[in-house]
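Since the structure comes first, as structure tokens, the remarks are kept for the end.
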Amino acid sequence: MSSLQFDIAHLLAGSLVLASFMMLYQDRLYALLNVYALHAGVLALSVAWQAYVQQAPHLYVTALIALVFKAIIIPVALHRIIKRLGIHREIENVIGIGLTMMAGIGLVALSMVVMLRVTPGADALAREDLAFALSVVLLGLLIMVTRRNAVSQVVGFMSLENGLVLAATGAKGMPLVVEISVAFSVLIAFIVIGIFLFRIRERFDSVDMQALDRFRGERR
Amino acid sequence: MIAVALWSVAALLALAPAGVVLSTRPRGSIILYGGCLIATSTLCVTALSDLLYVPQLTPSATLPIGLPWLGAHFRLDALSAFFLVVINLGGVAASLFALGYGQHEDSPGRVLPFYPAYLAAMNIVVLANDAFSFLVAWEFMSLTSWALVVSHHREAENIRAGYVYLLMASFGTLALLLAFGLLASGAGYDFDAIRASHPSAAVAGMVLILALLGAGSKAGLVPLHAWLPLAHPAAPSHVSGLMSGVMTKVAVYGFVRIVFDLLPEPVWWWSMVVLLVGGPTATLGVLYALMQRDIKRVLAYSTIENIGIIFTGLGLALAFKAEGLDWVAALAFTAAMLHVFNHALFKSLLFFGAGAVLGATGERDMEKLGGLIHRMPKTAFAMLIGCVAISALPPFNGFVSEWLTFQAILLSPQLPSWGLKLVIPAVGGLLALAAAFAAACFVKLYGISFLGRPRSDVAASAHETDRFSLTAMLVLAAFCLIAGILPGLFIDALAPVSKDMVGNIMPHQVGLQWLTIVPIAESRSSYNGLLVFVFAALCGTAAASAIHRLASDRLRRAPAWDCGYPDPNPAIQYSASSFSQPIRRVFGSVIFAAREIGEMPPPSSPRPARLRVELHDLIWDALYAPIAMVVGFATDRINILQFLTIRRYLTLVFVALILLLLVVAL
């Protein structure tokens, strides 16, 4: 592999982490969805580049799925849901933006240390890829943990899934079947969560998770 | 040999599911207990023949059940044979008793299936020759006996007893599991392999402590005894007899098997630990027993005392073996084993008697009984023999084993270690105290329940129990007498056990003149139960006949002296509490934190004055209550985790993930 190919793969994976960071500090739902579309677009580019580097044509299909479903259909659908439900478009954070960003930096550092330590024998590209993928997964979890709004939790979950796809394409020889099933599972998760959002909205006039908690009569 | 034994055990196991069907039939209990009677007598005879005519090659068998790479190993050596005799003698007596007693059971479906399974489990524990089979059978024994304890589950007290029992049984099995884990680490689970291995001194010491905890919690050593006086009385009486008389002996077997057989040569401090647990157990057990009013609970606490005596004997055997005095070790060990046998006899007998009283009157409280000797003369006779035997009075069997234990204690000056030289006489003092208290305790039990005048209507209208129960009690009483006047036979039968476990035997007793037993040397001490018996019988008969000849032999009934009060009420008789009051005053204020509170009504109030006695179980208050409190507190805190929000659960997962990654990274 030439160093240019390596550098571009590195750049794309790094951009994905950067997009994850951008999602961390969004405080409007529409903006968050736009960043998520960007996130999925970067993922599609990255996967396509991997397909080119590894000369694995089936990865182009994965890239296409990522582009069509994740970068276009899901964000557009979520936009419509938000508009139809009239969801309050401000995102309530549990902890402040600054602290969240600091935690995110810590997580990226942690995933670098872990990956570089446990995979000394692996191929350099795979190592970098896995380290970035783990960062994206952890940042996705962080988004889910620090947001109270159901839509932003869904977005966090899907960005986490993007990290998994990045990890899977970084390793050579992943069969297409797995990717299709992963894509389907995300689709199903999306549908299920979408339906849930409707139901929550119907009952409580809000998708703020706090309403659910209040209904269950429990302390937060 | 072992094939017969294993087939009999299999028959018992097969009877367990049959019990489910039989429990709905009108005569089902007779068929089931009859089947148990046949199976246990076969086992008893097989084991006895194995003990008396020890085969050249120890019979063993391996069955392809259990762990696939291990199988189930069984072995019938002298120790197993002896304990099989004890278990199945108890089993025969209990089944015979239950042929009559079990017909009054109101929920047979809760007893019949578990009874044969329980018997089978105890037999398998003794036969097992690998740690896996041993532990499985041990746990099976705990579970089946638990099911029998909670068989009368309508009473809240029984449910509590079952709960405490289950907890303590799990604790005991955990300790044994760890002990076998340590033993098996270098060898594997087969006992033969463990015997051949040489664990280090530290490992052996830890195994000893764990075995003492595991077997001791099942046997009822203080302070692990808390469950025993709750659980044993809660079961139906024939099962109570088995639990107290036999299952505690299975626990003793577990201890002996691990410490004397599987571990290497003992070190002197092992005996110190065992003695320091055994002596106080004996004294405390009987002190507790003295304070009780419930007959079955008195018997259960008295079991703790006897277990203390047995463990003292085992501790002495360890001490003398560690210091190379094999012949004294053989004496102490034989004394302990003889007491195992004797206690199984008279404790079963006493529990059956208590069951007969319970069946006749529906009462276990001594303060409601009295005068039963007139209404249940045969039961009273059998109980009298049991009480005399357990009080260690000659010419009955309890005296022989306790006397032998004291002979070993008197040889302690020959030990080189100063620590043991000081501790053993102190333990001897505790045992002597326990023996005296035991006599007081059973005078109280017998005197209050069977003598005097009835304290309640149910006691006044009691009737004699059925003939199966009577036969079982009288057979056990006869055994108590035989073992008391011919102890030499039993000591000689124990020789192969003592040879295997401590490497030496007591001198042969059977050939001696007049059936005397001489544990060490004629010049030192000897005992002749037969002579005592003949002397006591002759004197008694002569005195009785003289009185009847010289005076009138007509039966006369006259009012007892009533201290000048007319129309004495039965309630002003000596009561169980008043009998034990002097001992409670002397020892109770410290050991039980006893307080007597007199409540005088104000003048002009018609309310009667009351005397209230408060007793505390200090071990429960100081050891069990704090543990229960900590566990309760912790579960209350953890309970919050049931009701978190989704986001908090996610946070928990996230934090756990981060922590694990940190562990990998650092």
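Each chain in the structure tokens gets a letter, A, B, ..., in the order shown, and its residues are numbered from 1; ligands are numbered from 1 in order too.
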I'd like the neighbourhood of Gly484 (chain B) as a list of chain:residue names, where a residue qualifies if any of its atoms comes within 7 Å (using only C-alpha atoms), though same-chain residues fewer than 6 positions away should be ignored.
B:Pro395, B:Phe396, B:Asn397, B:Val400, B:Gly529
Write out as a VMD selection string which residues come within 12 Å of Leu43 (chain B) when counting only C-alpha atoms, dropping same-chain ones fewer than 4 positions away.
chain B and resid 1 to 12 36 to 39 47 to 50 76 80 to 92 119 to 120 123 to 124 127
Would you pick out the contacts of Trp403 (chain B) at 12 Å or less, using only C-alpha atoms, so that residues sharing its chain but fewer than 4 positions from it are not included, and give the list as an MDAnalysis selection string?
chainID B and resid 309 313 331:332 334:336 338:339 392:399 407:410 428 431:432 435 484 487 517:519 525:529
When you count only C-alpha atoms, which of these residues is closest to Lys321 (chain B): B:Leu299, B:Ala215, B:Met501, B:Ala493?
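Closest to Lys321 (chain B), using only C-alpha atoms: B:Met501.
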Listing only residues of chain B within 12 Å of chain A, what is the closest atom pair and its distance in Å (to one decimal) for each, using only C-alpha atoms, sorted by chain and residue number ascending, as CSV?
```
residue,atom,partner,partner_atom,distance
B:Ile640,CA,A:Arg219,CA,10.1
B:Leu641,CA,A:Glu218,CA,11.6
B:Gln642,CA,A:Glu218,CA,10.6
B:Phe643,CA,A:Glu218,CA,6.9
B:Leu644,CA,A:Arg220,CA,7.2
B:Thr645,CA,A:Asp213,CA,6.4
B:Ile646,CA,A:Met209,CA,8.5
B:Arg647,CA,A:Val145,CA,5.8
B:Arg648,CA,A:Val145,CA,7.5
B:Tyr649,CA,A:Val145,CA,9.0
B:Leu650,CA,A:Val145,CA,6.2
B:Thr651,CA,A:Val145,CA,5.6
B:Leu652,CA,A:Val145,CA,9.4
B:Val653,CA,A:Leu141,CA,9.3
B:Phe654,CA,A:Leu141,CA,6.8
B:Val655,CA,A:Leu142,CA,10.0
B:Leu657,CA,A:Leu138,CA,9.1
B:Ile658,CA,A:Leu107,CA,8.2
B:Leu659,CA,A:Leu110,CA,10.4
B:Leu660,CA,A:Val114,CA,10.3
B:Leu661,CA,A:Val114,CA,6.7
B:Leu662,CA,A:Leu110,CA,7.2
B:Val663,CA,A:Val114,CA,9.2
B:Val664,CA,A:Val114,CA,6.4
B:Ala665,CA,A:Val114,CA,4.7
B:Leu666,CA,A:Val114,CA,8.3
```
Under the rule that only C-alpha atoms are counted, which of A:Leu130, A:Ile81, A:Ser20, A:Leu45 is the nearest residue to Ile8 (chain A)?
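Of A:Leu130, A:Ile81, A:Ser20, A:Leu45, the one nearest Ile8 (chain A) is A:Leu45, counting only C-alpha atoms.
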From a backbone DSSP assignment, name each residue in region 362-524 of chain B labelled alpha helix (DSSP H), as a ChimeraX atom specification.
/B:372-375,377-390,397-410,418-450,457-460,467-485,487-493,495-502
Shell around Phe346 (chain B) at 12 Å using only C-alpha atoms, local window under 2 positions removed, as a PyMOL selection string:
chain B and resi 86+89-90+93+241-242+244-246+299+302-303+306+339-344+348-353+382-392+396-398+472-481+483-484
Would you mind exporting C-alpha atoms of the selected residues as a short mmCIF file (atom, residue, chain, number, x, y, z; two decimals), in the first residue's frame?
```cif
data_model
loop_
_atom_site.label_atom_id
_atom_site.label_comp_id
_atom_site.auth_asym_id
_atom_site.auth_seq_id
_atom_site.Cartn_x
_atom_site.Cartn_y
_atom_site.Cartn_z
CA VAL B 86 -25.20 -46.09 62.22
CA LEU B 89 -29.83 -48.64 62.16
CA GLY B 90 -31.36 -45.19 62.60
CA ALA B 93 -35.79 -47.66 63.61
CA GLY B 241 -34.89 -38.43 65.03
CA LEU B 242 -33.04 -39.08 61.79
CA SER B 244 -30.52 -35.34 65.07
CA GLY B 245 -29.44 -38.92 65.51
CA VAL B 246 -28.09 -39.69 62.06
CA LEU B 299 -33.54 -32.74 72.45
CA SER B 302 -28.83 -31.79 73.61
CA THR B 303 -27.68 -32.99 70.18
CA ASN B 306 -23.27 -34.62 72.20
CA HIS B 339 -20.38 -42.05 71.14
CA VAL B 340 -21.49 -41.54 67.53
CA PHE B 341 -23.16 -44.94 67.67
CA ASN B 342 -24.63 -44.43 71.15
CA HIS B 343 -25.97 -40.97 70.45
CA ALA B 344 -27.66 -42.21 67.28
CA SER B 348 -33.55 -41.42 67.93
CA LEU B 349 -35.27 -43.12 70.85
CA LEU B 350 -35.92 -39.82 72.63
CA PHE B 351 -37.22 -38.10 69.52
CA PHE B 352 -39.56 -41.02 68.86
CA GLY B 353 -40.76 -40.73 72.44
CA ALA B 382 -38.64 -46.48 76.86
CA MET B 383 -38.14 -42.75 77.45
CA LEU B 384 -36.77 -43.45 80.92
CA ILE B 385 -34.11 -45.71 79.44
CA GLY B 386 -33.29 -43.09 76.82
CA CYS B 387 -32.99 -40.36 79.45
CA VAL B 388 -30.77 -42.46 81.69
CA ALA B 389 -28.59 -43.44 78.75
CA ILE B 390 -28.13 -39.89 77.48
CA SER B 391 -27.37 -38.69 81.00
CA ALA B 392 -24.40 -41.09 80.90
CA PHE B 396 -26.24 -47.83 79.87
CA ASN B 397 -24.25 -47.06 76.76
CA GLY B 398 -23.80 -43.30 77.16
CA ALA B 472 -39.15 -49.17 67.47
CA MET B 473 -38.59 -47.45 70.82
CA LEU B 474 -38.18 -50.67 72.78
CA VAL B 475 -35.72 -52.09 70.23
CA LEU B 476 -33.60 -48.95 70.54
CA ALA B 477 -33.86 -49.10 74.34
CA ALA B 478 -32.68 -52.72 74.25
CA PHE B 479 -29.71 -51.68 72.10
CA CYS B 480 -28.87 -48.98 74.64
CA LEU B 481 -28.74 -51.58 77.38
CA ALA B 483 -24.21 -51.59 74.28
CA GLY B 484 -23.95 -50.55 77.91
#
```
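Put simply, CA of Ile310 (chain B) is 22.7 Å away from CA of Ala121 (chain B).
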